[in-house]
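Here the structure comes first, spelled out in structure tokens, and everything after it is commentary.
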Amino acid sequence: MEGNYSKNKFFLVLALLNMAATLVKGQGIRVGFYSTSCPLVESIVSSTVQSHLQSDPSLGPAILRMHFHDCFVHGCDASILINDPDTEKTAPPNLGVRGYEVIDDAKAQVEATCPGVVSCADILALAARDAVFLAKGQKWDVPTGRRDGKVSLASDADNLPAFTDSIEELKRKFAAFGLNARDLVTLIKAHTIGTTACEFFSYRLFNFSATGNGAYPSINPDFVSQLRTLCPSNGDGTRRRGILASDQMLWTDGCTRSIVESYLGVRGLPSLKFNVQFGKSMVKMSNIEVKTGTNGEIRKICSAINEV
């Protein structure tokens, strides 16, 4: 009798533990989180992004960059969207981030359909996916259910991965969020759908005196002349064309070079392997320190924390 009681007690405890695990999992993010509460959210965000990109295609990579910068500070919680004198948006690494109007527009349209349901963090994650797809990239399923953060400080953005970081420093920063070398290479290759300002790389064309021509030796000499035409030493540093040192380092580091080579397709274009991995790495990144359950809030507008 006592043996049966102990056995039944064991199975009851096991069942309760399984139930608890299911509940915890249910509070996390998942594909189709809004399937009943706001079933049109993905189509609303997609159509909004498409409308803005038709007017300005450069907003596509801008939105992708915004999502990246958001996730690496306090996790993917839309803290980069908050307006105030000392928020993340005002930090030096984020001064070139743009496309906020796209997220604000999508949020307004979603609120009109499903008020108080969908977070700005999820809208940004969906918009980043749609921006890549509209640039003829791979489409992936985006887990949703994030909540919006209530903290946004410019000083917290100081440790964002930078184009001037060494490859070891980039690996360290990515690893701190559970992202490995393959994720690093994959996510940095997102630069292939965007452009950059001359001010961020022109030093590599003119400031390396040891070569005699002033260009860094890691750059193909034929390519140097092309870049100098686009970005003359006394030119406008804000022209959005060029190549970053962080991209070049992926080729010079043995570990990351092998990953880059595995992604090369026909005529140097990204392969199917890269396209598939990009979606996986984006999902992995978009899981960084997400806020769910009762943590965070669902903002009414993306640029401001809800009033208490």
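Following the order of the structure tokens, chains are lettered A, B, ..., residues in each are numbered from 1, and ligands are numbered from 1.
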Once you count only C-alpha atoms, what closest atom pair and distance in Å to one decimal does each residue of stretch 112-190 of chain A within 8 Å of stretch 286-296 of chain A have, with rows by chain and rising residue number, as a Markdown table?
```
| residue | atom | partner | partner_atom | distance |
| --- | --- | --- | --- | --- |
| A:Ala125 | CA | A:Ser286 | CA | 7.0 |
| A:Gly145 | CA | A:Thr292 | CA | 6.6 |
| A:Arg146 | CA | A:Thr292 | CA | 5.4 |
| A:Arg147 | CA | A:Lys291 | CA | 5.2 |
| A:Asp148 | CA | A:Gly296 | CA | 5.2 |
| A:Gly149 | CA | A:Gly296 | CA | 5.0 |
| A:Lys150 | CA | A:Gly296 | CA | 6.3 |
| A:Phe177 | CA | A:Ile288 | CA | 6.5 |
```
Residue subset to file, keeping N, CA, C and O atoms, as a PDB file, in the first residue's frame:
```pdb
ATOM      1  N   ALA A 125      11.113  43.017 -35.066  1.00  0.00           N
ATOM      2  CA  ALA A 125      11.650  41.716 -35.499  1.00  0.00           C
ATOM      3  C   ALA A 125      10.991  41.267 -36.800  1.00  0.00           C
ATOM      4  O   ALA A 125      11.668  40.748 -37.705  1.00  0.00           O
ATOM      5  N   GLY A 145       6.050  37.253 -29.299  1.00  0.00           N
ATOM      6  CA  GLY A 145       5.643  37.174 -27.901  1.00  0.00           C
ATOM      7  C   GLY A 145       6.539  38.005 -26.997  1.00  0.00           C
ATOM      8  O   GLY A 145       6.422  37.959 -25.773  1.00  0.00           O
ATOM      9  N   ARG A 146       7.438  38.783 -27.625  1.00  0.00           N
ATOM     10  CA  ARG A 146       8.304  39.671 -26.845  1.00  0.00           C
ATOM     11  C   ARG A 146       7.478  40.799 -26.230  1.00  0.00           C
ATOM     12  O   ARG A 146       6.447  41.185 -26.766  1.00  0.00           O
ATOM     13  N   ARG A 147       7.984  41.349 -25.136  1.00  0.00           N
ATOM     14  CA  ARG A 147       7.405  42.549 -24.570  1.00  0.00           C
ATOM     15  C   ARG A 147       8.436  43.674 -24.655  1.00  0.00           C
ATOM     16  O   ARG A 147       9.626  43.420 -24.825  1.00  0.00           O
ATOM     17  N   ASP A 148       7.958  44.892 -24.545  1.00  0.00           N
ATOM     18  CA  ASP A 148       8.818  46.059 -24.707  1.00  0.00           C
ATOM     19  C   ASP A 148       9.505  46.433 -23.402  1.00  0.00           C
ATOM     20  O   ASP A 148       8.903  46.372 -22.324  1.00  0.00           O
ATOM     21  N   GLY A 149      10.757  46.849 -23.496  1.00  0.00           N
ATOM     22  CA  GLY A 149      11.523  47.250 -22.327  1.00  0.00           C
ATOM     23  C   GLY A 149      11.133  48.633 -21.835  1.00  0.00           C
ATOM     24  O   GLY A 149      10.558  49.445 -22.563  1.00  0.00           O
ATOM     25  N   LYS A 150      11.482  48.910 -20.584  1.00  0.00           N
ATOM     26  CA  LYS A 150      11.169  50.197 -19.968  1.00  0.00           C
ATOM     27  C   LYS A 150      12.418  51.023 -19.675  1.00  0.00           C
ATOM     28  O   LYS A 150      12.328  52.097 -19.091  1.00  0.00           O
ATOM     29  N   PHE A 177      26.440  36.902 -25.904  1.00  0.00           N
ATOM     30  CA  PHE A 177      24.999  36.729 -26.089  1.00  0.00           C
ATOM     31  C   PHE A 177      24.655  35.359 -26.668  1.00  0.00           C
ATOM     32  O   PHE A 177      23.572  35.168 -27.221  1.00  0.00           O
TER      33      PHE A 177
END
```
I'd like the neighbourhood of A:Ala181 as an mmCIF file with all heavy atoms, in the first residue's frame, where a residue qualifies if any of its atoms comes within 9 Å (using only C-alpha atoms), though same-chain residues fewer than 6 positions away should be ignored.
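Done, and the output landed in part-v2.cif:
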```cif
data_model
loop_
_atom_site.group_PDB
_atom_site.id
_atom_site.type_symbol
_atom_site.label_atom_id
_atom_site.label_comp_id
_atom_site.auth_asym_id
_atom_site.auth_seq_id
_atom_site.Cartn_x
_atom_site.Cartn_y
_atom_site.Cartn_z
ATOM 1 N N LYS A 171 34.217 38.483 -31.761
ATOM 2 C CA LYS A 171 33.860 37.141 -31.294
ATOM 3 C C LYS A 171 33.426 37.187 -29.836
ATOM 4 O O LYS A 171 32.456 36.528 -29.433
ATOM 5 C CB LYS A 171 35.047 36.188 -31.450
ATOM 6 C CG LYS A 171 35.376 35.797 -32.880
ATOM 7 C CD LYS A 171 36.613 34.895 -32.891
ATOM 8 C CE LYS A 171 37.049 34.539 -34.292
ATOM 9 N NZ LYS A 171 38.283 33.716 -34.301
ATOM 10 N N PHE A 174 29.923 38.832 -29.446
ATOM 11 C CA PHE A 174 28.855 37.943 -29.912
ATOM 12 C C PHE A 174 28.680 36.772 -28.945
ATOM 13 O O PHE A 174 27.548 36.382 -28.626
ATOM 14 C CB PHE A 174 29.162 37.440 -31.324
ATOM 15 C CG PHE A 174 28.696 38.360 -32.419
ATOM 16 C CD1 PHE A 174 29.260 39.618 -32.580
ATOM 17 C CD2 PHE A 174 27.693 37.975 -33.286
ATOM 18 C CE1 PHE A 174 28.826 40.471 -33.580
ATOM 19 C CE2 PHE A 174 27.250 38.817 -34.298
ATOM 20 C CZ PHE A 174 27.826 40.080 -34.447
ATOM 21 N N ALA A 175 29.790 36.209 -28.483
ATOM 22 C CA ALA A 175 29.722 35.063 -27.572
ATOM 23 C C ALA A 175 29.025 35.428 -26.271
ATOM 24 O O ALA A 175 28.375 34.578 -25.649
ATOM 25 C CB ALA A 175 31.133 34.540 -27.290
ATOM 26 N N CYS A 255 39.578 31.114 -38.702
ATOM 27 C CA CYS A 255 38.317 30.512 -38.264
ATOM 28 C C CYS A 255 37.137 31.018 -39.089
ATOM 29 O O CYS A 255 36.326 30.238 -39.585
ATOM 30 C CB CYS A 255 38.099 30.795 -36.780
ATOM 31 S SG CYS A 255 36.473 30.332 -36.156
ATOM 32 N N THR A 256 37.045 32.328 -39.226
ATOM 33 C CA THR A 256 35.892 32.895 -39.923
ATOM 34 C C THR A 256 36.019 32.779 -41.444
ATOM 35 O O THR A 256 35.010 32.697 -42.139
ATOM 36 C CB THR A 256 35.685 34.373 -39.530
ATOM 37 O OG1 THR A 256 36.900 35.099 -39.768
ATOM 38 C CG2 THR A 256 35.312 34.493 -38.063
ATOM 39 N N ILE A 259 34.344 29.776 -42.847
ATOM 40 C CA ILE A 259 32.881 29.920 -42.867
ATOM 41 C C ILE A 259 32.459 30.772 -44.056
ATOM 42 O O ILE A 259 31.498 30.448 -44.763
ATOM 43 C CB ILE A 259 32.382 30.547 -41.550
ATOM 44 C CG1 ILE A 259 32.773 29.667 -40.361
ATOM 45 C CG2 ILE A 259 30.862 30.730 -41.581
ATOM 46 C CD1 ILE A 259 32.498 30.290 -39.003
#
```
Taking into account only C-alpha atoms, which residue in the set A:Ala157, A:Cys302, A:Ala135, A:Cys38 is nearest to A:Ile103?
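Of all the options, A:Cys302 lies closest to A:Ile103.
In terms of minimum interatomic distance to A:Asp141, A:Val276 ranks closest within A:Ile44, A:Leu184, A:Cys114, A:Val276, counting only C-alpha atoms.
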For the atom pair atom CA of A:Leu179 and atom CA of A:Cys76, what is the interatomic distance in Å to one decimal place?
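Pair atom CA of A:Leu179 / atom CA of A:Cys76 returns 14.2 Å.
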Hey, which of A:Ala106, A:Val185, A:Leu264, A:Leu40 ends up closest to A:Leu250? Count only C-alpha atoms.
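Distance minimum relative to A:Leu250 lands on A:Val185.
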Compile the contact shell of stretch 92-101 of chain A as a PyMOL selection string: residues with an atom at most 6 Å away, counting only C-alpha atoms, same-chain residues fewer than 4 positions apart removed.
chain A and resi 59+62-63+105
Just-selected residues, N, CA and C atoms written as a PDB file, in the first residue's frame:
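The resulting file, again_16.pdb, is reproduced below:
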```pdb
ATOM      1  N   LEU A  59      15.830  51.870 -46.912  1.00  0.00           N
ATOM      2  CA  LEU A  59      15.276  51.654 -45.576  1.00  0.00           C
ATOM      3  C   LEU A  59      15.329  50.180 -45.177  1.00  0.00           C
ATOM      4  N   ALA A  62      18.466  49.507 -43.362  1.00  0.00           N
ATOM      5  CA  ALA A  62      18.406  50.367 -42.174  1.00  0.00           C
ATOM      6  C   ALA A  62      17.582  49.714 -41.067  1.00  0.00           C
ATOM      7  N   ILE A  63      16.467  49.097 -41.432  1.00  0.00           N
ATOM      8  CA  ILE A  63      15.614  48.422 -40.446  1.00  0.00           C
ATOM      9  C   ILE A  63      16.326  47.202 -39.879  1.00  0.00           C
ATOM     10  N   ASP A 105       4.835  53.630 -38.095  1.00  0.00           N
ATOM     11  CA  ASP A 105       3.690  53.473 -38.994  1.00  0.00           C
ATOM     12  C   ASP A 105       3.060  52.096 -38.823  1.00  0.00           C
TER      13      ASP A 105
END
```
How far is it from atom CA of A:Thr144 to atom CA of A:Gly32, in Å with one decimal?
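These atoms are spaced 6.9 Å apart.
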Distance in Å - atom CA of A:Met249 versus atom CA of A:Ile167
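Calculated distance between atom CA of A:Met249 and atom CA of A:Ile167 is 6.3 Å.
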